[in-house]
Structures are given as structure tokens and as C-alpha cells.
$ cat target-v7.txt   # compact mmCIF, C-alpha atoms
# COMPACT_ATOMS: atom_id res chain seq x y z
CA MET A 10 9.93 29.37 13.33
CA ILE A 11 10.92 26.12 11.57
CA ARG A 12 14.66 25.36 11.40
CA HIS A 13 16.31 22.46 9.58
CA LEU A 14 19.24 21.29 11.68
CA LYS A 15 19.96 18.33 9.37
CA ARG A 16 18.79 17.96 5.76
CA SER A 17 18.59 15.00 3.40
CA LEU A 18 20.08 14.76 -0.09
CA ALA A 19 18.97 17.34 -2.64
CA ALA A 20 15.92 16.55 -4.75
CA GLU A 21 18.01 16.58 -7.93
CA GLN A 22 20.15 13.69 -6.69
CA LYS A 23 17.05 11.66 -5.86
CA ALA A 24 15.49 12.36 -9.28
CA GLU A 25 18.55 11.06 -11.13
CA ALA A 26 18.30 7.71 -9.34
CA ASP A 27 14.58 7.51 -10.16
CA SER A 28 15.32 8.09 -13.85
CA GLN A 29 17.69 5.15 -14.02
CA VAL A 30 15.17 2.86 -12.33
CA ARG A 31 12.45 3.91 -14.76
CA LEU A 32 14.53 3.10 -17.85
CA THR A 33 15.59 -0.28 -16.50
CA VAL A 34 12.02 -1.29 -15.69
CA GLU A 35 10.73 -0.17 -19.10
CA ARG A 36 13.25 -2.45 -20.79
CA ILE A 37 12.42 -5.46 -18.60
CA LEU A 38 8.66 -5.09 -19.00
CA ALA A 39 8.93 -4.78 -22.77
CA ASP A 40 11.07 -7.92 -22.93
CA ILE A 41 8.68 -9.94 -20.77
CA ALA A 42 5.68 -8.73 -22.77
CA SER A 43 7.47 -9.95 -25.92
CA ARG A 44 9.07 -13.21 -24.79
CA GLY A 45 6.88 -14.28 -21.89
CA GLU A 46 8.11 -16.98 -19.53
CA ALA A 47 11.48 -17.32 -21.25
CA ALA A 48 12.27 -13.71 -20.35
CA VAL A 49 10.94 -14.18 -16.81
CA ARG A 50 13.30 -17.12 -16.36
CA ASP A 51 16.24 -15.20 -17.81
CA TYR A 52 15.73 -12.33 -15.34
CA SER A 53 15.25 -14.73 -12.44
CA ARG A 54 18.61 -16.30 -13.26
CA GLN A 55 20.26 -12.91 -13.70
CA PHE A 56 18.95 -11.14 -10.61
CA ASP A 57 18.20 -13.94 -8.13
CA HIS A 58 20.36 -16.82 -9.43
CA TRP A 59 17.17 -18.85 -9.32
CA ASP A 60 16.20 -21.32 -12.07
CA PRO A 61 13.95 -24.06 -10.66
CA PRO A 62 12.05 -26.55 -12.83
CA ALA A 63 8.86 -24.64 -11.93
CA PHE A 64 8.38 -21.34 -10.13
CA ARG A 65 5.06 -22.44 -8.62
CA LEU A 66 5.33 -24.48 -5.44
CA SER A 67 3.45 -27.77 -5.24
CA PRO A 68 1.33 -28.62 -2.17
CA HIS A 69 4.13 -31.00 -1.13
CA HIS A 70 6.77 -28.24 -1.23
CA ILE A 71 4.47 -25.87 0.66
CA GLN A 72 3.95 -28.44 3.40
CA GLU A 73 7.70 -29.04 3.61
CA CYS A 74 8.21 -25.33 4.29
CA ILE A 75 5.54 -25.33 6.99
CA ASP A 76 6.93 -28.48 8.61
CA SER A 77 10.42 -26.96 8.75
CA LEU A 78 9.28 -24.19 11.10
CA PRO A 79 9.00 -24.53 14.89
CA ASN A 80 5.53 -24.59 16.38
CA GLN A 81 6.14 -21.21 18.00
CA ALA A 82 6.75 -19.62 14.58
CA ILE A 83 3.47 -21.04 13.24
CA ASP A 84 1.61 -19.83 16.33
CA ASP A 85 3.09 -16.35 15.95
CA ILE A 86 2.14 -16.18 12.27
CA LEU A 87 -1.41 -17.27 13.06
CA PHE A 88 -1.68 -14.72 15.89
CA ALA A 89 -0.58 -11.86 13.61
CA GLN A 90 -2.92 -12.96 10.85
CA GLN A 91 -5.84 -13.11 13.25
CA GLN A 92 -5.23 -9.52 14.36
CA ILE A 93 -5.14 -8.35 10.75
CA ARG A 94 -8.23 -10.42 9.93
CA ASN A 95 -10.14 -8.97 12.88
CA PHE A 96 -9.46 -5.38 11.89
CA ALA A 97 -10.10 -6.00 8.18
CA GLN A 98 -13.42 -7.64 9.05
CA ALA A 99 -14.37 -4.67 11.23
CA GLN A 100 -13.54 -2.36 8.32
CA LYS A 101 -15.62 -4.44 5.94
CA ASP A 102 -18.53 -4.45 8.37
CA ALA A 103 -18.47 -0.65 8.27
CA LEU A 104 -19.18 -0.78 4.53
CA ARG A 105 -22.62 -1.63 3.24
CA ASP A 106 -24.51 -1.96 0.04
CA LEU A 107 -26.95 0.87 -0.50
CA GLU A 108 -30.32 1.34 -2.17
CA VAL A 109 -32.36 4.52 -1.82
CA GLU A 110 -35.41 6.08 -3.49
CA THR A 111 -34.21 9.60 -4.33
CA LEU A 112 -37.46 10.65 -6.00
CA PRO A 113 -40.78 8.81 -6.21
CA GLY A 114 -40.08 5.96 -8.62
CA VAL A 115 -36.33 6.58 -8.90
CA ILE A 116 -34.19 3.89 -7.22
CA LEU A 117 -30.41 4.34 -6.96
CA GLY A 118 -27.95 2.00 -5.31
CA HIS A 119 -24.46 0.63 -5.08
CA LYS A 120 -22.90 -2.75 -4.42
CA ASN A 121 -19.44 -3.46 -3.03
CA ILE A 122 -18.05 -6.14 -5.33
CA PRO A 123 -14.67 -7.83 -4.72
CA VAL A 124 -12.16 -7.88 -7.57
CA ASN A 125 -11.90 -11.37 -9.01
CA SER A 126 -8.14 -11.93 -8.78
CA ILE A 127 -5.08 -10.33 -7.23
CA GLY A 128 -1.35 -10.84 -7.33
CA SER A 129 0.38 -10.26 -4.00
CA TYR A 130 4.09 -9.45 -4.03
CA VAL A 131 5.94 -10.28 -0.82
CA PRO A 132 9.48 -8.84 -0.60
CA GLY A 133 12.07 -11.26 0.67
CA GLY A 134 15.39 -11.02 -1.10
CA LYS A 135 17.15 -9.15 1.72
CA TYR A 136 14.84 -9.91 4.66
CA PRO A 137 12.04 -12.54 4.56
CA LEU A 138 9.20 -10.05 5.09
CA LEU A 139 6.44 -12.53 5.83
CA ALA A 140 4.30 -9.74 7.36
CA SER A 141 3.56 -8.49 3.85
CA ALA A 142 1.80 -11.78 3.14
CA HIS A 143 -0.54 -11.16 6.07
CA MET A 144 -1.31 -7.62 4.98
CA SER A 145 -2.19 -8.42 1.36
CA ILE A 146 -3.58 -11.93 1.39
CA VAL A 147 -5.56 -11.95 4.64
CA THR A 148 -7.15 -8.62 3.76
CA ALA A 149 -8.04 -9.78 0.25
CA ARG A 150 -9.63 -12.93 1.65
CA VAL A 151 -11.77 -10.89 4.04
CA ALA A 152 -12.85 -8.73 1.10
CA GLY A 153 -13.97 -11.85 -0.79
CA VAL A 154 -11.38 -12.04 -3.58
CA LYS A 155 -11.73 -15.44 -5.27
CA ARG A 156 -8.26 -15.99 -6.77
CA ILE A 157 -5.15 -14.97 -4.86
CA LEU A 158 -1.74 -15.54 -6.37
CA SER A 159 1.39 -14.67 -4.42
CA CYS A 160 5.07 -14.28 -5.35
CA ALA A 161 8.18 -13.92 -3.22
CA PRO A 162 11.83 -14.14 -4.25
CA PRO A 163 14.10 -16.95 -3.07
CA PHE A 164 15.94 -16.32 0.17
CA GLU A 165 19.49 -17.62 0.42
CA GLY A 166 18.97 -19.78 -2.65
CA LYS A 167 15.70 -21.47 -1.74
CA PRO A 168 12.07 -20.69 -0.86
CA ALA A 169 11.81 -18.78 2.41
CA PRO A 170 9.88 -21.20 4.67
CA ALA A 171 8.33 -18.50 6.86
CA ILE A 172 7.07 -16.54 3.83
CA VAL A 173 5.65 -19.65 2.21
CA ALA A 174 3.92 -20.64 5.43
CA ALA A 175 2.50 -17.14 5.85
CA MET A 176 1.22 -17.10 2.26
CA HIS A 177 -0.45 -20.48 2.63
CA LEU A 178 -1.96 -19.85 6.05
CA ALA A 179 -3.23 -16.45 4.88
CA GLY A 180 -5.13 -18.09 2.03
CA ALA A 181 -3.06 -17.83 -1.16
CA GLY A 182 -4.24 -20.35 -3.76
CA GLU A 183 -1.10 -20.14 -5.92
CA ILE A 184 2.39 -19.62 -4.48
CA TYR A 185 5.40 -18.84 -6.67
CA VAL A 186 9.05 -18.40 -5.74
CA LEU A 187 9.79 -15.52 -8.06
CA GLY A 188 11.03 -12.03 -7.28
CA GLY A 189 11.50 -8.51 -8.54
CA VAL A 190 10.16 -6.87 -11.69
CA GLN A 191 9.89 -10.28 -13.36
CA ALA A 192 7.41 -11.46 -10.70
CA VAL A 193 5.26 -8.34 -10.93
CA ALA A 194 5.29 -8.48 -14.73
CA ALA A 195 4.39 -12.18 -14.81
CA MET A 196 1.41 -11.62 -12.50
CA ALA A 197 0.14 -8.63 -14.47
CA LEU A 198 0.86 -9.78 -18.03
CA GLY A 199 0.57 -13.52 -17.60
CA THR A 200 2.89 -16.20 -18.97
CA GLU A 201 2.51 -19.64 -20.47
CA SER A 202 2.09 -21.08 -16.96
CA MET A 203 0.51 -18.16 -15.07
CA GLU A 204 -2.87 -16.58 -15.76
CA PRO A 205 -2.78 -12.78 -15.35
CA VAL A 206 -4.48 -11.10 -12.40
CA ASP A 207 -6.75 -8.07 -12.19
CA MET A 208 -4.83 -6.21 -9.47
CA LEU A 209 -1.31 -6.04 -8.01
CA VAL A 210 -0.73 -5.41 -4.31
CA GLY A 211 2.16 -5.38 -1.89
CA PRO A 212 5.33 -3.37 -1.26
CA GLY A 213 8.73 -3.85 -2.84
CA ASN A 214 11.96 -2.10 -3.74
CA ALA A 215 12.23 0.85 -6.12
CA TYR A 216 12.15 -1.43 -9.18
CA VAL A 217 9.01 -3.26 -8.03
CA ALA A 218 7.28 0.04 -7.26
CA GLU A 219 8.22 1.41 -10.68
CA ALA A 220 6.97 -1.76 -12.39
CA LYS A 221 3.62 -1.36 -10.66
CA ARG A 222 3.47 2.27 -11.77
CA GLN A 223 4.14 1.35 -15.39
CA LEU A 224 1.64 -1.54 -15.32
CA PHE A 225 -1.14 0.54 -13.74
CA GLY A 226 -4.03 0.75 -16.16
CA ARG A 227 -3.43 -2.68 -17.56
CA VAL A 228 -4.11 -3.89 -14.02
CA GLY A 229 -5.18 -2.14 -10.84
CA ILE A 230 -2.70 -1.50 -8.04
CA ASP A 231 -3.04 -0.82 -4.34
CA LEU A 232 -0.72 2.20 -4.29
CA LEU A 233 2.80 3.22 -5.24
CA ALA A 234 4.87 2.29 -2.20
CA GLY A 235 8.38 3.71 -2.34
CA PRO A 236 11.13 3.45 0.28
CA THR A 237 9.90 3.21 3.86
CA GLU A 238 9.49 6.60 5.56
CA THR A 239 9.26 7.44 9.23
CA LEU A 240 8.59 10.74 10.97
CA ILE A 241 8.78 11.21 14.73
CA VAL A 242 6.89 14.18 16.15
CA ALA A 243 8.23 14.68 19.66
CA ASP A 244 8.40 17.14 22.52
CA ASP A 245 10.60 17.07 25.61
CA SER A 246 8.64 14.13 27.04
CA CYS A 247 10.52 11.96 24.52
CA ASP A 248 14.11 10.98 25.28
CA ALA A 249 16.86 10.66 22.68
CA GLU A 250 17.11 6.89 23.10
CA MET A 251 13.50 6.26 22.11
CA ALA A 252 13.72 8.72 19.20
CA ALA A 253 16.91 7.11 17.89
CA VAL A 254 15.69 3.52 18.27
CA ASP A 255 12.41 4.29 16.51
CA LEU A 256 14.09 6.16 13.64
CA LEU A 257 16.66 3.42 13.07
CA GLY A 258 13.97 0.75 13.29
CA GLN A 259 12.69 2.02 9.95
CA ALA A 260 15.97 3.27 8.47
CA GLU A 261 17.16 -0.35 8.37
CA HIS A 262 14.64 -1.04 5.57
CA GLY A 263 17.00 0.44 3.01
CA PRO A 264 19.65 3.08 2.30
CA THR A 265 17.08 5.50 0.81
CA SER A 266 14.57 5.35 3.68
CA PRO A 267 13.84 8.84 5.09
CA ALA A 268 13.98 9.11 8.89
CA ILE A 269 12.98 12.49 10.31
CA LEU A 270 12.76 13.98 13.80
CA LEU A 271 10.34 16.91 14.10
CA THR A 272 10.47 18.46 17.55
CA ASN A 273 9.97 21.61 19.59
CA SER A 274 12.66 20.48 22.05
CA SER A 275 16.06 21.98 21.35
CA ALA A 276 17.61 19.61 23.88
CA LEU A 277 16.22 16.55 22.05
CA ALA A 278 17.32 17.90 18.68
CA GLN A 279 20.84 18.50 19.95
CA ALA A 280 21.10 15.12 21.70
CA LEU A 281 19.85 12.98 18.80
CA PRO A 282 22.97 12.84 16.55
CA ALA A 283 25.19 11.41 19.29
CA GLU A 284 22.49 8.95 20.34
CA MET A 285 22.08 7.81 16.74
CA GLU A 286 25.80 7.03 16.60
CA ARG A 287 25.60 5.15 19.89
CA GLN A 288 22.70 3.03 18.65
CA LEU A 289 24.32 2.41 15.25
CA ALA A 290 27.45 1.10 16.96
CA LYS A 291 25.49 -1.92 18.25
CA LEU A 292 22.83 -2.34 15.51
CA PRO A 293 23.42 -5.40 13.27
CA THR A 294 21.74 -3.61 10.34
CA ALA A 295 23.90 -0.49 10.75
CA PRO A 296 25.51 -0.80 7.29
CA VAL A 297 22.10 -0.03 5.80
CA ALA A 298 20.56 2.14 8.51
CA SER A 299 23.62 4.40 8.81
CA VAL A 300 23.50 5.26 5.11
CA ALA A 301 19.77 6.04 5.31
CA TRP A 302 20.39 8.32 8.30
CA ARG A 303 23.40 9.99 6.67
CA ASP A 304 21.70 10.68 3.31
CA TYR A 305 17.99 10.83 4.15
CA GLY A 306 17.87 11.72 7.85
CA GLU A 307 16.56 15.10 8.96
CA ILE A 308 16.19 17.04 12.20
CA ILE A 309 13.64 19.85 12.16
CA LEU A 310 13.17 22.17 15.12
CA CYS A 311 9.89 24.05 15.65
CA ASP A 312 8.58 26.38 18.34
CA THR A 313 5.00 25.16 18.85
CA TYR A 314 2.69 22.19 18.47
CA GLU A 315 0.87 24.12 15.73
CA GLU A 316 4.08 24.48 13.72
CA MET A 317 4.86 20.81 14.22
CA ALA A 318 1.42 19.74 12.98
CA ALA A 319 1.68 21.97 9.91
CA GLU A 320 5.18 20.76 9.09
CA ALA A 321 4.15 17.12 9.60
CA ASP A 322 1.32 17.62 7.11
CA ARG A 323 3.76 19.16 4.63
CA ILE A 324 6.07 16.15 4.95
CA ALA A 325 3.11 13.73 4.59
CA SER A 326 5.13 10.77 5.84
CA GLU A 327 4.20 7.11 5.56
CA HIS A 328 4.63 6.43 9.30
CA VAL A 329 4.17 9.16 11.90
CA GLN A 330 4.94 8.48 15.55
CA ILE A 331 3.54 11.04 17.99
CA LEU A 332 5.76 11.05 21.08
CA THR A 333 4.31 14.05 22.90
CA ARG A 334 2.37 14.76 26.07
CA ASP A 335 -0.81 15.31 24.05
CA PRO A 336 -0.95 12.90 21.07
CA ASP A 337 -4.63 13.69 20.50
CA PHE A 338 -3.68 17.24 19.51
CA PHE A 339 -2.05 15.79 16.39
CA LEU A 340 -4.74 13.16 15.81
CA SER A 341 -7.36 15.90 15.67
CA ARG A 342 -5.35 18.27 13.44
CA MET A 343 -3.19 16.24 11.07
CA THR A 344 -4.57 15.28 7.66
CA ASN A 345 -1.58 13.91 5.70
CA TYR A 346 -0.12 10.61 6.93
CA GLY A 347 -0.11 6.93 6.07
CA ALA A 348 -0.58 5.76 9.66
CA LEU A 349 -0.36 7.42 13.06
CA PHE A 350 1.21 5.79 16.11
CA LEU A 351 0.01 7.64 19.18
CA GLY A 352 2.11 7.69 22.34
CA PRO A 353 5.25 5.89 23.52
CA MET A 354 3.57 2.53 24.19
CA THR A 355 3.08 1.84 20.48
CA ASN A 356 5.48 2.11 17.56
CA VAL A 357 5.82 1.50 13.82
CA SER A 358 7.16 -2.03 14.32
CA TYR A 359 3.86 -3.04 15.95
CA GLY A 360 2.00 -1.80 12.90
CA ASP A 361 4.47 -3.39 10.51
CA LYS A 362 4.18 -6.85 12.00
CA VAL A 363 1.27 -7.71 14.23
CA ILE A 364 -1.10 -5.15 15.75
CA GLY A 365 -3.73 -5.44 13.02
CA THR A 366 -3.59 -2.30 10.90
CA ASN A 367 -2.17 -2.66 7.40
CA HIS A 368 1.49 -1.84 6.77
CA THR A 369 1.22 -1.15 3.02
CA LEU A 370 1.04 2.64 3.17
CA PRO A 371 1.48 5.71 0.94
CA THR A 372 4.95 7.19 0.52
CA ARG A 373 6.46 10.17 -1.33
CA LYS A 374 3.72 12.54 -0.19
CA ALA A 375 0.94 10.33 -1.58
CA ALA A 376 -0.66 10.57 1.87
CA ARG A 377 -2.00 13.92 0.66
CA TYR A 378 -4.58 12.05 -1.46
CA THR A 379 -4.78 8.40 -0.39
CA GLY A 380 -4.67 6.14 2.59
CA GLY A 381 -3.01 2.73 2.70
CA LEU A 382 -4.08 -0.77 1.76
CA TRP A 383 -7.29 -1.86 3.44
CA VAL A 384 -10.21 -4.16 2.76
CA GLY A 385 -11.94 -1.47 0.69
CA LYS A 386 -9.07 -1.44 -1.84
CA PHE A 387 -10.18 -4.90 -2.96
CA LEU A 388 -13.81 -3.82 -3.41
CA LYS A 389 -15.35 -2.03 -6.38
CA THR A 390 -18.24 0.20 -5.36
CA CYS A 391 -20.47 -0.15 -8.41
CA THR A 392 -23.66 1.84 -8.85
CA TYR A 393 -26.99 0.87 -10.43
CA GLN A 394 -30.26 2.62 -11.11
CA ARG A 395 -33.88 1.66 -11.69
CA VAL A 396 -36.91 3.79 -12.62
CA THR A 397 -40.16 2.15 -11.54
CA SER A 398 -42.86 4.52 -12.77
CA ALA A 399 -43.77 6.26 -16.00
CA GLU A 400 -44.16 9.55 -14.15
CA ALA A 401 -40.61 9.35 -12.81
CA SER A 402 -39.13 8.51 -16.22
CA VAL A 403 -40.94 11.46 -17.82
CA LYS A 404 -39.85 13.86 -15.08
CA ILE A 405 -36.18 12.82 -15.26
CA GLY A 406 -36.40 12.67 -19.06
CA GLU A 407 -37.61 16.26 -19.41
CA TYR A 408 -34.75 17.59 -17.27
CA CYS A 409 -32.26 15.34 -19.11
CA SER A 410 -33.48 16.50 -22.53
CA ARG A 411 -32.99 20.17 -21.71
CA LEU A 412 -29.56 19.55 -20.18
CA CYS A 413 -28.45 17.56 -23.22
CA ALA A 414 -29.56 20.42 -25.46
CA LEU A 415 -27.38 22.81 -23.46
CA GLU A 416 -24.39 20.57 -24.20
CA GLY A 417 -25.26 19.95 -27.84
CA PHE A 418 -25.54 16.17 -27.43
CA ALA A 419 -28.36 15.30 -29.83
CA GLY A 420 -28.08 11.53 -29.39
CA HIS A 421 -28.20 11.81 -25.62
CA LYS A 422 -31.22 14.13 -25.94
CA GLU A 423 -33.07 11.63 -28.11
CA GLN A 424 -32.54 8.88 -25.52
CA ALA A 425 -34.38 11.08 -23.03
CA ASP A 426 -37.00 12.28 -25.51
CA LEU A 427 -37.90 8.71 -26.49
CA ARG A 428 -38.80 7.94 -22.87
CA VAL A 429 -40.76 11.14 -22.52
CA ARG A 430 -42.81 10.33 -25.64
CA ARG A 431 -43.43 6.74 -24.65
CA TYR A 432 -44.25 7.17 -21.01
CA ARG A 433 -46.04 10.51 -20.88
CA ARG A 434 -49.69 9.97 -20.15
CA ASP A 435 -52.30 11.88 -22.05
CA ASP A 436 -53.62 14.76 -20.02
$ encode --input "target-v7.txt" --output "C-alpha cells"
Amino acid sequence: MIRHLKRSLAAEQKAEADSQVRLTVERILADIASRGEAAVRDYSRQFDHWDPPAFRLSPHHIQECIDSLPNQAIDDILFAQQQIRNFAQAQKDALRDLEVETLPGVILGHKNIPVNSIGSYVPGGKYPLLASAHMSIVTARVAGVKRILSCAPPFEGKPAPAIVAAMHLAGAGEIYVLGGVQAVAAMALGTESMEPVDMLVGPGNAYVAEAKRQLFGRVGIDLLAGPTETLIVADDSCDAEMAAVDLLGQAEHGPTSPAILLTNSSALAQALPAEMERQLAKLPTAPVASVAWRDYGEIILCDTYEEMAAEADRIASEHVQILTRDPDFFLSRMTNYGALFLGPMTNVSYGDKVIGTNHTLPTRKAARYTGGLWVGKFLKTCTYQRVTSAEASVKIGEYCSRLCALEGFAGHKEQADLRVRRYRRDD
């Protein structure tokens, strides 16, 4: 039996907040579409208090940011990017172009073609999240994307040196200090000084995610990434300290970040609230994490592994940590998750920052139908066909003609019939 010992806010309260975000973003996008760069600059002043002579950084300014960092920081950035590059390359190597003869004289194939240009958004207004630069830009480079533009907001009134360094070292060709909806809109719609891109990628706050949703169709997007989510699936081999630390490690992302413990251990479920308070008392980001835990935290108690796996699939969380004696039980059974972290020696922070898998992942139950950002997101699998013999064209044409007649498509039927007439050999 599944019992909810702590629940998050009601769905109606969450929906009201979403509605306000949607209306605000609609207004901003319409204004930027109408007024272009003047509107972008107005919103940058309003939201970020940022009004530089140019939003794009020159090579000199980029080098200044890099030079301001200690050598250890550069080494750490390069190490993380190499791990992400290695895994992205392995993923790409698993993909291949295809050509096959399905019938004598009928050749079908596909090619994996990189998109031509992307805009990478790197959040950084609250925390300088340089890891997002690795995840988007390095992966796009491995895929073969030719033009990579990247935007990040100012941090404490100036470009964030670590983000700028990460963007440059990852391979961004154009770097802009510009944040929020105005950055996403500028990349997608273009301005007087910025050519539009074909695809938007990267996480962001609720307004950035909503802007991507509204712009989808005009440009491609990686996925709709809402507030960070974490789910811990644990049995009595997990102690309350580890559960609390790992939940709060993601709750600090924002006050609407869900953090859920799913367990078959009554002792762990009962011990967690007090341990959460103990950890919050010494956590520098407690003002944010405590609100997320209060409003979006949950404790769910199950009886069996089977119940836990089923409930985890229902939740379909972005991050799922498996802190049980048998993590492979869940690896083999679960189907709905953004990323799995198996066993106590790994954790979501590893995946967020350095281990090599991508941290841009599906939220809000999107894990039911999509995975996260990966090298394949930047590739279009495009098919082609070739018929190399008259006999094959006639054979396919006769089937096609009859099928078109069933549908009532006379023009389609004539396309097939023309080939049949031209290529049929006299008996």
C-alpha cells in the first residue's frame, strides 16, 4: 500500500502561478518581435539592470574573463568538458547513416545531419551555472553544429568570468551577456545585431522555459525544462543523512523544486523530517531550499520494491537516485525518468557538473515520452530513396496506384501510373 506522509502544494496552486508566467512571456515576446533590439535592451535594463554598449563580448573581453580565473578553475572546467565530450562522442559513434536495399532495385536510407545553428542559454542570474555551457555547447560541437551562439545573464553586475570561460572553451562562436526571456527571444527571432538560430537549448527559470515553449515551431528546442526535480528511491540501507543531503542538494535550485523521498522503510520516512531541519540549519542556501521542501517536498511510504518502482514511474522525475541494496532491480524495471543515479557512490551533483552525462533533462512528467539533451538532439535523421530498375518502379507503382485509389487521391495515383506506363516492359 502506498501512503503519502507529506504532500506538496495542490495542483490548482501550481497552475495559477503557471498562468501568470504564460501571460507575462506572451507580452514580452510580442514586444520583442515588434521592436527588436530596442525592446531587448529595455527588458535587460528592467530585469537585469544591464545596459552595456554591446551585449556581445569581444575576443578581448572573453580573454579578460579567462585570465581572471585561477589555473585550477580552468583545469576543472576542461576536465568536466572532456568527460561530457567523451560520452557525447560515444553516443554519436553509436549512430550511423544507413542505406539498405529493401526490394531488388529499391534503395532506402537515412543520413544524420547536424542542425546548422543553435542558441545555448546558460542560467546565471542567481548562481553562475557554467555546467550548462558544457552540456549544450560541447555536445553540439560533437554533433557537428556549425554556428553556436550562447547567452548568459550578468552576474553581480558584470559578465560571469567562469561562464564566459566555459562557453569559450566549449566552442561557442558568439558569446552574449544577456539573460531571461529577452535572451531567448533575441536568439530565436533575431535582432539588428544578432542573426536568429535554428534551435534553442539549455535550462532556465520558469519564464525561460515558457518562452521556449511559445517559440517552439518557429525554432526547434531541446525540451521544456521546468524547475529541477529530484526523487530518492531508498530502502533501509539508506540513512536519513544521505537522503536529506541529496534532497536538499537539488531543492536549493529554487523554491518550486520538487524533492521527494520514496521508501519502503518506515524508520527512514519517520527520521527524514528532523534530519532535513538539521541539515537546513547549516545550509547556506536554506532560504531557498527550505521553501522548496516546505511547499514541494513529499514523503511516500511503500511496502515493496514493486510498489516503489511503479510509483517512481508514475512520478516520472527528472533525477532519480536509487539508494537501495539492489539498484539493478529499478534499472531493469523503471521506464519513466530523466536520469538514474544507481547506488550511494554516485549522486545527482555528479551528473549536474562533471561525470559526463547531460544534465538538461525532462521535467513535469515529460520523462514519460522523452529523454534529455544528448548528441542526437542536434542531429536530424533525414531519409532518402532511390529506385534503380524499371521492374522495381513498376512493382512499387502498381501497389501505390491501387492504394491511392482506396484513398481517393487521383493526383497521387497518376504519379504512380505515369511510372508504370513509362517503365513497364512489353511482355
$ residues_around --input "target-v7.txt" --residues "region 365-377 of chain A" --least-positions-apart "5" --cutoff "9 Å" --atoms "all atoms listed in the file" --output "PyMOL selection string"
chain A and resi 89-97+140-141+143-145+148+210-212+231-238+322-328+344-348+357+359-360+382-383
$ atom_distance --input "target-v7.txt" --atom1 "CA of Leu38 (chain A)" --atom2 "CA of Ala194 (chain A)"
6.4 Å
$ axis_aligned_box --input "target-v7.txt" --around "region 272-277 of chain A" --padding-each-side "4 Å" --output "AutoDock Vina command-line options"
--center_x 13.8 --center_y 19.3 --center_z 20.7 --size_x 15.6 --size_y 13.4 --size_z 14.3
$ closest_residue --input "target-v7.txt" --among "A:Val49, A:Ala425, A:Val190, A:Val329" --to "Lys221 (chain A)" --atoms "all atoms listed in the file"
A:Val190
$ closest_residue --input "target-v7.txt" --among "A:Phe88, A:Ala47, A:Thr397, A:Phe339" --to "Thr111 (chain A)" --atoms "all atoms listed in the file"
A:Thr397
$ residues_around --input "target-v7.txt" --residues "region 42-45 of chain A" --least-positions-apart "2" --cutoff "10 Å" --atoms "all atoms listed in the file" --output "ChimeraX atom specification"
/A:37-40,47-50,191,194-195,197-202
$ write_last_selection --input "target-v7.txt" --atoms "C-alpha atoms" --output "short mmCIF file (atom, residue, chain, number, x, y, z; two decimals), keeping the file's coordinate frame"
data_model
loop_
_atom_site.label_atom_id
_atom_site.label_comp_id
_atom_site.auth_asym_id
_atom_site.auth_seq_id
_atom_site.Cartn_x
_atom_site.Cartn_y
_atom_site.Cartn_z
CA ILE A 37 12.42 -5.46 -18.60
CA LEU A 38 8.66 -5.09 -19.00
CA ALA A 39 8.93 -4.78 -22.77
CA ASP A 40 11.07 -7.92 -22.93
CA ALA A 47 11.48 -17.32 -21.25
CA ALA A 48 12.27 -13.71 -20.35
CA VAL A 49 10.94 -14.18 -16.81
CA ARG A 50 13.30 -17.12 -16.36
CA GLN A 191 9.89 -10.28 -13.36
CA ALA A 194 5.29 -8.48 -14.73
CA ALA A 195 4.39 -12.18 -14.81
CA ALA A 197 0.14 -8.63 -14.47
CA LEU A 198 0.86 -9.78 -18.03
CA GLY A 199 0.57 -13.52 -17.60
CA THR A 200 2.89 -16.20 -18.97
CA GLU A 201 2.51 -19.64 -20.47
CA SER A 202 2.09 -21.08 -16.96
#
$ residues_around --input "target-v7.txt" --residues "Ala19 (chain A)" --least-positions-apart "5" --cutoff "12 Å" --atoms "only C-alpha atoms" --output "PyMOL selection string"
chain A and resi 24-26+304-306
$ closest_residue --input "target-v7.txt" --among "A:Val193, A:Leu281, A:Val131, A:Ile116" --to "Arg395 (chain A)" --atoms "all atoms listed in the file"
A:Ile116
$ residues_around --input "target-v7.txt" --residues "Ala318 (chain A)" --least-positions-apart "5" --cutoff "12 Å" --atoms "all atoms listed in the file" --output "compact mmCIF listing (two decimals) with C-alpha atoms, keeping the file's coordinate frame"
# COMPACT_ATOMS: atom_id res chain seq x y z
CA ILE A 11 10.92 26.12 11.57
CA LEU A 240 8.59 10.74 10.97
CA ILE A 241 8.78 11.21 14.73
CA VAL A 242 6.89 14.18 16.15
CA ALA A 243 8.23 14.68 19.66
CA LEU A 271 10.34 16.91 14.10
CA THR A 272 10.47 18.46 17.55
CA ASN A 273 9.97 21.61 19.59
CA CYS A 311 9.89 24.05 15.65
CA ASP A 312 8.58 26.38 18.34
CA THR A 313 5.00 25.16 18.85
CA ARG A 323 3.76 19.16 4.63
CA ILE A 324 6.07 16.15 4.95
CA ALA A 325 3.11 13.73 4.59
CA VAL A 329 4.17 9.16 11.90
CA ILE A 331 3.54 11.04 17.99
CA THR A 333 4.31 14.05 22.90
CA PRO A 336 -0.95 12.90 21.07
CA ASP A 337 -4.63 13.69 20.50
CA PHE A 338 -3.68 17.24 19.51
CA PHE A 339 -2.05 15.79 16.39
CA LEU A 340 -4.74 13.16 15.81
CA SER A 341 -7.36 15.90 15.67
CA ARG A 342 -5.35 18.27 13.44
CA MET A 343 -3.19 16.24 11.07
CA THR A 344 -4.57 15.28 7.66
CA ASN A 345 -1.58 13.91 5.70
CA TYR A 346 -0.12 10.61 6.93
$ atom_distance --input "target-v7.txt" --atom1 "CA of Leu270 (chain A)" --atom2 "CA of Arg16 (chain A)"
10.8 Å
$ closest_residue --input "target-v7.txt" --among "A:Ala220, A:Pro205, A:Ala82, A:Val34" --to "Ile172 (chain A)" --atoms "all atoms listed in the file"
A:Ala82
$ residues_around --input "target-v7.txt" --residues "Leu427 (chain A)" --least-positions-apart "4" --cutoff "12 Å" --atoms "only C-alpha atoms" --output "PDB file with C-alpha atoms, in the coordinates of the input"
ATOM      1  CA  SER A 402     -39.130   8.510 -16.220  1.00  0.00           C
ATOM      2  CA  VAL A 403     -40.940  11.460 -17.820  1.00  0.00           C
ATOM      3  CA  GLY A 406     -36.400  12.670 -19.060  1.00  0.00           C
ATOM      4  CA  GLU A 407     -37.610  16.260 -19.410  1.00  0.00           C
ATOM      5  CA  CYS A 409     -32.260  15.340 -19.110  1.00  0.00           C
ATOM      6  CA  SER A 410     -33.480  16.500 -22.530  1.00  0.00           C
ATOM      7  CA  GLY A 420     -28.080  11.530 -29.390  1.00  0.00           C
ATOM      8  CA  HIS A 421     -28.200  11.810 -25.620  1.00  0.00           C
ATOM      9  CA  LYS A 422     -31.220  14.130 -25.940  1.00  0.00           C
ATOM     10  CA  GLU A 423     -33.070  11.630 -28.110  1.00  0.00           C
ATOM     11  CA  ARG A 431     -43.430   6.740 -24.650  1.00  0.00           C
ATOM     12  CA  TYR A 432     -44.250   7.170 -21.010  1.00  0.00           C
ATOM     13  CA  ARG A 433     -46.040  10.510 -20.880  1.00  0.00           C
TER      14      ARG A 433
END
$ atom_distance --input "target-v7.txt" --atom1 "CA of Tyr130 (chain A)" --atom2 "CA of Ala161 (chain A)"
6.1 Å
